[in-house]
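Accompanying notes for the structure given below.
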Number of protein chains: 4
Amino acid sequence: MTAKTPPMGWNSWDCYGASVNEETVRRNAEYMSENLKKYGYEYVVVDIQWSEPQAVNHEYRSLAKLEMDEYGRLLPAPNRFPSAANGKGFKELAEYVHSLGLKFGIHIMRGIPRQAAFLDTEILGTKITAKQIAKPNSICPWNSDMYGINHEADGAMQYYQSIFDMYAAWGVDFVKVDDIANHYAKGEIELIRKAIDNTGREIVLSISPGPAPIEHAQHLMQNVNMWRITDDFWDKWELLLDMFQRADNWSKYAGPGHWPDADMLPVGAILQDYNADNRTKFTKDEQKTMMTLWCFLRSPLMIGAELTKNDDFTLELLTNEDILELSKNSFCARQLYRRGDEIVWFAVRKTGGYFIAVFNTGEAKTKIKVNLLECELTGRYSCRNLWSKESFETSAYIEAQVNAHGTEAYVLIEKVEE
Amino acid sequence: MTAKTPPMGWNSWDCYGASVNEETVRRNAEYMSENLKKYGYEYVVVDIQWSEPQAVNHEYRSLAKLEMDEYGRLLPAPNRFPSAANGKGFKELAEYVHSLGLKFGIHIMRGIPRQAAFLDTEILGTKITAKQIAKPNSICPWNSDMYGINHEADGAMQYYQSIFDMYAAWGVDFVKVDDIANHYAKGEIELIRKAIDNTGREIVLSISPGPAPIEHAQHLMQNVNMWRITDDFWDKWELLLDMFQRADNWSKYAGPGHWPDADMLPVGAILQDYNADNRTKFTKDEQKTMMTLWCFLRSPLMIGAELTKNDDFTLELLTNEDILELSKNSFCARQLYRRGDEIVWFAVRKTGGYFIAVFNTGEAKTKIKVNLLECELTGRYSCRNLWSKESFETSAYIEAQVNAHGTEAYVLIEKVEE
Amino acid sequence: MTAKTPPMGWNSWDCYGASVNEETVRRNAEYMSENLKKYGYEYVVVDIQWSEPQAVNHEYRSLAKLEMDEYGRLLPAPNRFPSAANGKGFKELAEYVHSLGLKFGIHIMRGIPRQAAFLDTEILGTKITAKQIAKPNSICPWNSDMYGINHEADGAMQYYQSIFDMYAAWGVDFVKVDDIANHYAKGEIELIRKAIDNTGREIVLSISPGPAPIEHAQHLMQNVNMWRITDDFWDKWELLLDMFQRADNWSKYAGPGHWPDADMLPVGAILQDYNADNRTKFTKDEQKTMMTLWCFLRSPLMIGAELTKNDDFTLELLTNEDILELSKNSFCARQLYRRGDEIVWFAVRKTGGYFIAVFNTGEAKTKIKVNLLECELTGRYSCRNLWSKESFETSAYIEAQVNAHGTEAYVLIEKVEE
Amino acid sequence: MTAKTPPMGWNSWDCYGASVNEETVRRNAEYMSENLKKYGYEYVVVDIQWSEPQAVNHEYRSLAKLEMDEYGRLLPAPNRFPSAANGKGFKELAEYVHSLGLKFGIHIMRGIPRQAAFLDTEILGTKITAKQIAKPNSICPWNSDMYGINHEADGAMQYYQSIFDMYAAWGVDFVKVDDIANHYAKGEIELIRKAIDNTGREIVLSISPGPAPIEHAQHLMQNVNMWRITDDFWDKWELLLDMFQRADNWSKYAGPGHWPDADMLPVGAILQDYNADNRTKFTKDEQKTMMTLWCFLRSPLMIGAELTKNDDFTLELLTNEDILELSKNSFCARQLYRRGDEIVWFAVRKTGGYFIAVFNTGEAKTKIKVNLLECELTGRYSCRNLWSKESFETSAYIEAQVNAHGTEAYVLIEKVEE
């Protein structure tokens with residue numbers, strides 16, 4: 001089973017937008033291998049527009065010319081990814097990432113390149129051409145590089161198979177398919193699911209952008225390993241505040257092989273234009289709130305930062321093993337209640353015990369008291385704060401002083417009477 | 001805390017509609033005391049229209065004259081409840097029910113009687129009159145006995161207090177307030193909550209009819225002990241099938257003091273017109289499906305049958321201690337998935353272990369196989385079927401042959417390696 | 001045919017709200033007879049709540065007790081209408097109005113009095129009682145005196161016949177039925193239509209409040225003589241501005257026997273609380289705009305003022321024969337166009353020629369030029385300004401300086417070449 | 001003023017779909033000149049896809065290659081329009097049509113060719129290229145040849161000017177712009193309006209497909225000469241029946257220079273695949289109903305037939321001068337009422353008198369009687385049936401036996417008493 005627990009790793013988008021290059025990927029992979037791997041981070045993902053030679057920032061150039069092979073399959077632009085020269089694709093880069101003990105991922109857009117349709121390229125191994133499967137009206141609203149595919153057309157399956165076979169041959173472990181989740185292109189999702197299965201390679205299927213429609217929850221669980229539950233997430237409190245409702249809606253659909261994705265963690269150095277030292281606008285409390293919520297929800301954890309610019313706080317935030325335990329060793333998480341600014345989450349620890357988090361979404365520090373009876377916990381518990389690491393014994397109540405926009409989280413283990 | 005676990009008992013509606021009388025209540029209470037009390041059933045609830053002398057069936061007579069005191073408070077019609085003669089209300093009947101070791105409940109409609117407004121009666125202990133708090137446009141769509149109350153008017157709180165004080169004095173333990181949940185009369189719900197709290201008596205507050213709006217879930221959890229999640233539920237498969245979606249939507253809101261209510265159990269002898277032997281149209285499999293779903297959801301369990309006409313199957317159904325254990329000793333229940341006709345629920349057993357139910361909503365017997373990995377259960381388990389009582393050991397999978405519209409349910413206890 | 005041209009008259013509401021009395025009606029009728037009758041004004045209408053003894057202003061007293069006969073028919077409160085004493089109803093007042101050469105009208109609410117339902121009065125000439133036809137949930141949102149009627153019930157037609165027979169016997173010529181037009185109680189409208197026809201008396205049927213739903217336009221034309229196209233209209237520019245769109249929507253439905261009603265003219269002394277000299281807040285230009293628009297639309301013209309307090313401007317406004325000619329001698333009116341602040345209306349003069357109005361809805365005086373080609377008028381015309389009375393000759397264009405919120409209107413007669 | 005009265009002519013779509021050619025256009029123009037010109041028909045319009053060499057029927061070939069000049073302007077495919085060889089465009093064909101005393105029209109799609117964007121052609125007289133004005137997401141849902149234009153981009157106006165200058169140079173008198181009316185591309189409509197005005201040539205601007213949104217009626221009247229009020233109209237009774245409501249909604253917006261367009265007349269030989277003798281499925285009565293309704297509405301009259309295959313009935317239908325008089329000599333038309341299956345229209349004759357039509361939308365012949373009082377006609381009239389040509393005198397009523405789906409129509413002239 002692919003993605004038995006929520007995938008963890010790094011993604012180039014928050015920092016490099018459409019202009020990520022090989023050197024950047026290698027540098028971040030090396031950092032991950034040295035500093036993050038032992039905590040479970042493993043995926044190194046090259047996000048959008050790697051086939052566009054002229055991309056220089058987060059913008060898309062309208063109607064740009066892309067690197068493409070004779071079968072209408074996009075290739076990395078060699079000026080940005082030198083190891084991809086001569087049609088080698090991401091093979092060398094993937095090998096390098098694997099050599100670090102990590103896994104390699106890429107981003108793609110749903111569909112077939114517009115320029116393949118114009119040139120009417122043949123689909124590999126067939127006599128069918130691009131025009132026969134392209135839907136000229138099915139275009140991503142914010143990037144017009146591709147035409148959607150008529151999933152019922154002869155050649156549609158063959159086309160998707162031809163690209164995923166190539167990715168598998170490159171050694172890709174993770175594919176984030178874009179322009180497919182929010183409007184829910186069900187037919188194409190199913191073709192892609194089948195194409196991945198056919199490769200025989202274990203490849204995580206991640207779909208974007210959000211919000212994925214919750215009425216397709218059952219279909220998502222059966223076809224996709226992770227799906228975005230929100231539009232792009234950035235370092236703004238309103239977006240984080242909004243995520244509580246989304247997490248509440250989606251938490252029950254998290255499970256082995258299928259994870260609701262709250263999007264990348266915009267921490268540390270992000271959006272930096274390669275020079276300036278732009279750093280996340282989230283306060284430390286907000287970042288802890290984010291990590292706590294993501295881990296209770298069991299969202300994938302994909303870091304958005306330029307990793308080599310992590311400061312101590314960022315590294316500690318990302319490597320708090322007590323919080324990360326939720327990702328692999330909790331289940332049945334849910335929002336217990338939300339009362340005014342006070343939100344409480346609860347999860348069961350698989351190997352015994354419970355997790356409780358309290359959140360203060362208000363603008364002032366406040367005391368939050370959780371009646372353990374509301375969690376149906378009626379015993380006596382040893383209790384450890386996952387952030388401060390303080391331990392204490394309790395029954396009946398947990399009480400915490402919680403900062404504005406902040407959180408406290410606990411693990412509780414029942415004490416057996418002797 | 002009132003209603004720490006889901007309330008269990010009997011309600012007169014399914015069998016007697018608007019025409020329940022004292023003899024019926026006593027007879028069913030006696031049966032409950034002898035046969036059901038030891039399994040947790042305890043509430044005996046007199047449903048709608050007990051103040052209407054002429055009610056003879058499930059119909060409401062438009063603009064009927066009701067029994068009422070000088071303060072605009074409705075009283076039981078003495079021709080139907082002899083012990084209520086001379087303004088004694090339900091005091092004697094409640095005492096009798098208490099003497100059987102049970103609890104006594106009543107139904108009321110939101111608001112103040114229309115006839116109190118016409119006569120402009122004074123509200124007890126005030127100089128305020130009925131016309132001053134009545135909202136002549138706020139009328140239940142299917143029963144026009146009452147006017148809603150302007151919850152901000154002087155006198156509104158006093159009126160609700162005056163009736164709940166009377167109910168407390170009668171010894172009432174449970175009040176089902178009708179015409180308040182689906183259109184969500186928030187202001188009146190809060191007045192009633194306060195009035196109950198002020199009585200100092202532990203009284204379960206149940207609201208009706210459903211569906212209560214899910215966007216008020218947090219308010220419901222804080223103010224109400226049980227709320228209907230559906231319109232009236234009857235013995236039709238379509239309604240039961242529909243309940244799976246409702247249960248999935250609401251299960252996360254179940255907890256001590258606040259329970260989503262899937263409505264009465266239409267089993268055994270119902271709708272009987274006092275003569276004919278009308279019995280539930282549900283098949284035995286459907287009844288087991290209903291009990292299993294209600295218990296995973298932890299819905300209150302209110303029996304709709306004339307209890308004295310229970311046959312063996314009905315009694316066994318209602319007293320299956322393994323299924324009833326879910327009500328008091330499970331938590332974190334949720335629908336794990338729904339694939340075609342196959343639905344799987346999962347819950348955690350508080351005192352160790354797990355519950356799993358499989359449902360077949362299809363029209364033919366079918367084999368259902370649950371991959372325990374999808375439940376994140378990776379050990380070896382001793383497993384007991386809650387209905388057939390068979391025990392076996394398993395790891396990795398549970399497999400069941402499930403009848404059309406039927407269910408199988410299990411408790412799993414992990415086996416510790418020695 | 002009733003209401004061959006748009007009804008004209010006076011209505012008590014704008015000035016006296018729920019508290020109109022006999023002396024007021026007589027006084028205004030006398031004024032109308034002397035000053036307005038010769039211009040076509042003829043209906044004197046007693047508006048709402050004439051059966052409520054305690055009404056003193058525009059407010060309704062919730063659950064008030066009304067004057068009623070033994071058959072559940074409301075009667076005028078004798079303390080307010082002395083001639084109605086001893087159950088005589090409006091007979092004497094109607095006779096007095098007739099003696100002045102005018103016609104007499106009343107307002108009623110749809111339905112049967114709530115108090116008739118409580119007392120369960122018999123319907124005249126039947127053994128059917130009020131409770132059998134009353135719909136306790138069908139209540140006007142702003143006045144709870146009445147219950148709507150189940151128009152399919154036995155007794156429903158008889159009840160409406162009993163009240164309209166009484167009105168016909170009183171000599172009523174006009175009935176404004178309220179709480180019936182905006183939610184469109186189609187069944188009751190049809191009963192009332194039939195009841196009026198059965199009386200054999202020519203009675204104008206006016207329905208209220210607006211807006212009547214335009215999708216019922218064909219039904220309105222066949223059943224009702226005038227229907228409100230707006231909620232209550234008052235002396236506010238925003239409401240007048242809004243009326244242009246309504247008039248545009250409805251003008252094509254105006255015709256003999258069926259008139260869209262833009263509501264009373266709030267001119268002169270209105271809302272005066274019987275003492276203070278409150279007068280319309282409309283500017284003179286706005287009042288001319290209103291009269292012009294109402295007359296192009298061919299709305300009924302019901303004056304809201306206390307007539308005896310008319311000043312010279314008000315009287316002239318209401319008696320401009322050139323404008324009033326539109327009411328009886330134009331047809332096929334429509335908004336020709338609306339461009340920014342500029343609106344142009346066009347109508348055909350039945351006896352030869354055309355009417356054109358220009359409106360300036362902007363905040364500054366402006367020049368408006370109408371290309372007669374847009375009216376499809378290609379000849380040479382003698383042209384008269386309906387307000388200034390100036391005459392001139394023109395072809396091709398009409399040009400006017402129009403005040404802010406003002407109007408100019410013209411009649412054009414083609415000049416025949418000799 | 002362009003289009004002072006509703007345009008009349010012929011359009012290739014109904015008969016030839018995407019595959020019209022020069023010979024067909026010439027043949028129909030010649031027929032028109034000989035047989036229809038004297039009745040007012042004058043426009044000969046080449047409909048969609050004239051730049052696609054391979055078009056053979058009503059289908060569009062996805063992503064087809066089109067004939068285009070170096071400035072991204074589409075040209076007629078010379079294999080279909082031989083006179084267009086060597087970049088001459090429609091110049092010769094237009095000249096030929098003009099030589100017959102007729103006018104020449106073409107169809108275009110909104111926007112710039114997709115292939116111009118791929119090749120990034122320059123816009124005539126600028127350094128701006130196609131990619132700079134193309135909106136790759138703005139694509140017609142049923143034909144993907146074009147990209148919509150960002151109407152605010154530099155170059156957008158220049159592009160539209162470059163094509164309309166070319167059309168003016170060719171001698172085009174009528175342009176039907178497609179993919180612009182129903183979703184109402186307001187910005188592009190305004191650019192096109194300006195481009196036409198700038199050419200200095202009188203060119204009718206027709207927009208398609210319908211329904212144009214009625215909330216833009218005022219904008220349509222000011223910018224467009226004719227706009228479709230319906231999706232494609234074909235020879236099906238349901239579509240014709242539906243047109244009564246549309247005609248009722250739109251009739252008041254008809255006037256010099258701006259005409260609601262009920263679409264082509266699918267009469268005679270249509271959809272013929274060049275061989276088979278496919279003819280309209282409308283009955284004769286339905287065809288008369290259509291002509292009568294179109295003429296009361298004053299819709300443009302564009303014939304869909306292969307003209308040379310007209311039979312006698314079709315030719316008579318299209319050349320009934322009494323009906324066609326409505327087009328030029330009526331105004332103020334409106335649906336007077338619709339009662340069950342009976343619909344009555346009324347219009348004023350500019351040079352004196354009135355037009356009345358009765359329609360029977362039912363399935364059986366029926367007698368329809370119009371009370372002239374409802375038309376506000378109170379005199380004595382000489383009356384002529386526009387279809388049967390019978391004359392009679394009448395006052396008070398017109399009575400007609402009307403066939404199922406049929407019509408009778410009349411002109412009434414008042415008789416002056418001597």
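Labels used: A, B, ... for chains in the order of the structure tokens, numbers from 1 for residues in each chain, and numbers from 1 for ligands as shown.
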Determine, for each residue of chain D having at least one atom at most 8 Å from an atom of chain C, the closest pair of atoms and their separation in Å to one decimal, counting only C-alpha atoms; order by chain and ascending number, as a Markdown table.
```
| residue | atom | partner | partner_atom | distance |
| --- | --- | --- | --- | --- |
| D:Gln218 | CA | C:Arg338 | CA | 6.6 |
| D:Lys252 | CA | C:Arg334 | CA | 7.1 |
| D:Tyr253 | CA | C:Leu336 | CA | 7.6 |
| D:Gly255 | CA | C:Glu374 | CA | 6.7 |
| D:Pro256 | CA | C:Glu374 | CA | 5.9 |
| D:Phe331 | CA | C:Glu376 | CA | 7.9 |
| D:Cys332 | CA | C:Cys332 | CA | 6.1 |
| D:Ala333 | CA | C:Cys332 | CA | 8.0 |
| D:Arg334 | CA | C:Lys252 | CA | 7.1 |
| D:Leu336 | CA | C:Tyr253 | CA | 7.6 |
| D:Tyr337 | CA | C:Gln218 | CA | 6.7 |
| D:Arg338 | CA | C:Gln218 | CA | 6.6 |
| D:Arg339 | CA | C:Gln218 | CA | 7.2 |
| D:Leu373 | CA | C:Pro256 | CA | 7.2 |
| D:Glu374 | CA | C:Pro256 | CA | 5.9 |
| D:Cys375 | CA | C:Gly255 | CA | 7.6 |
| D:Glu376 | CA | C:Pro256 | CA | 6.9 |
```
Please identify all polymer residues within 8 Å of C:Pro76, counting only C-alpha atoms, omitting same-chain residues fewer than 2 positions from it, and present them as a VMD selection string.
chain C and resid 50 to 52 67 74 78 80 to 81 84 89 to 90
May I have the selected residues written with C-alpha atoms, as a PDB file, in the first residue's frame?
```pdb
ATOM      1  CA  TRP C  50     -61.758  49.955  10.425  1.00  0.00           C
ATOM      2  CA  SER C  51     -63.106  47.209  12.669  1.00  0.00           C
ATOM      3  CA  GLU C  52     -60.523  47.734  15.418  1.00  0.00           C
ATOM      4  CA  GLU C  67     -65.922  44.341  15.785  1.00  0.00           C
ATOM      5  CA  LEU C  74     -66.008  42.158  10.452  1.00  0.00           C
ATOM      6  CA  PRO C  78     -68.931  52.248  15.858  1.00  0.00           C
ATOM      7  CA  ARG C  80     -64.822  55.372  14.921  1.00  0.00           C
ATOM      8  CA  PHE C  81     -67.719  55.171  12.458  1.00  0.00           C
ATOM      9  CA  ALA C  84     -72.188  52.043  11.579  1.00  0.00           C
ATOM     10  CA  GLY C  89     -72.008  48.715   8.535  1.00  0.00           C
ATOM     11  CA  PHE C  90     -70.864  51.239   5.962  1.00  0.00           C
TER      12      PHE C  90
END
```
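Near B:Thr2, within 8 Å and counting only C-alpha atoms, sit Glu202, Ile203, Val204, Asn225 and Gly257 of chain B; same-chain residues fewer than 5 positions away were not included.
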Neighbours of stretch 100-113 of chain C within 6 Å (only C-alpha atoms; same-chain residues fewer than 5 positions away dropped), as a tab-separated table (two decimals) with N, CA and C atoms, in the first residue's frame?
```tsv
chain	number	residue	atom	x	y	z
C	33	SER	N	-65.44	65.92	-4.15
C	33	SER	CA	-66.61	66.25	-4.94
C	33	SER	C	-66.52	67.66	-5.51
C	42	GLU	N	-62.87	59.72	-8.34
C	42	GLU	CA	-64.22	59.35	-7.90
C	42	GLU	C	-64.27	58.36	-6.73
C	43	TYR	N	-63.20	57.59	-6.48
C	43	TYR	CA	-63.26	56.59	-5.41
C	43	TYR	C	-62.78	57.15	-4.08
C	44	VAL	N	-63.55	56.96	-3.04
C	44	VAL	CA	-63.18	57.35	-1.67
C	44	VAL	C	-63.01	56.05	-0.90
C	45	VAL	N	-61.76	55.73	-0.52
C	45	VAL	CA	-61.48	54.40	0.01
C	45	VAL	C	-61.03	54.45	1.47
C	46	VAL	N	-61.76	53.70	2.31
C	46	VAL	CA	-61.41	53.56	3.73
C	46	VAL	C	-60.42	52.39	3.85
C	47	ASP	N	-59.20	52.71	4.25
C	47	ASP	CA	-58.18	51.65	4.30
C	47	ASP	C	-58.25	50.88	5.61
C	48	ILE	N	-57.27	50.13	5.90
C	48	ILE	CA	-57.19	49.05	6.88
C	48	ILE	C	-57.66	49.37	8.32
C	94	ALA	N	-71.55	55.05	2.74
C	94	ALA	CA	-71.54	54.85	1.29
C	94	ALA	C	-72.61	55.70	0.63
C	145	ASP	N	-54.59	39.50	12.40
C	145	ASP	CA	-56.03	39.47	12.71
C	145	ASP	C	-56.75	38.29	12.07
C	146	MET	N	-56.23	37.83	10.94
C	146	MET	CA	-56.99	36.88	10.14
C	146	MET	C	-56.26	35.55	9.98
C	147	TYR	N	-57.03	34.51	9.74
C	147	TYR	CA	-56.49	33.27	9.21
C	147	TYR	C	-56.85	33.20	7.73
C	148	GLY	N	-55.90	32.76	6.93
C	148	GLY	CA	-56.22	32.48	5.54
C	148	GLY	C	-57.27	31.38	5.47
C	149	ILE	N	-57.83	31.22	4.30
C	149	ILE	CA	-58.91	30.25	4.12
C	149	ILE	C	-58.43	29.13	3.21
C	172	VAL	N	-70.88	49.22	-1.57
C	172	VAL	CA	-69.44	49.36	-1.81
C	172	VAL	C	-69.14	49.22	-3.30
C	173	ASP	N	-68.24	50.09	-3.81
C	173	ASP	CA	-67.89	50.10	-5.23
C	173	ASP	C	-66.47	49.66	-5.50
C	174	PHE	N	-65.71	49.44	-4.46
C	174	PHE	CA	-64.26	49.22	-4.62
C	174	PHE	C	-63.81	48.45	-3.39
C	175	VAL	N	-63.12	47.33	-3.59
C	175	VAL	CA	-62.56	46.60	-2.45
C	175	VAL	C	-61.07	46.35	-2.70
C	176	LYS	N	-60.28	46.82	-1.77
C	176	LYS	CA	-58.84	46.56	-1.81
C	176	LYS	C	-58.59	45.38	-0.88
C	177	VAL	N	-58.22	44.23	-1.44
C	177	VAL	CA	-57.98	43.05	-0.63
C	177	VAL	C	-56.48	42.95	-0.36
C	178	ASP	N	-56.16	42.85	0.91
C	178	ASP	CA	-54.76	42.91	1.34
C	178	ASP	C	-54.25	41.51	1.71
C	179	ASP	N	-52.92	41.39	1.81
C	179	ASP	CA	-52.26	40.12	2.15
C	179	ASP	C	-52.58	39.03	1.13
```
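Residues surrounding stretch 392-406 of chain C within 8 Å are C:Asp285, C:Glu286, C:Lys288, C:Thr289, C:Val358, C:Phe359, C:Asn360, C:Thr361, C:Gly362, C:Glu363, C:Ala364, C:Lys365, C:Thr366, C:Lys367, C:Ile368, C:Lys369, C:Val370, C:Asn371, C:Leu372, C:Leu373, C:Leu377, C:Thr378, C:Gly379, C:Arg380, C:Tyr381, C:Ser382, C:Cys383, C:Arg384 [only C-alpha atoms; sequence separation below 4 positions excluded].
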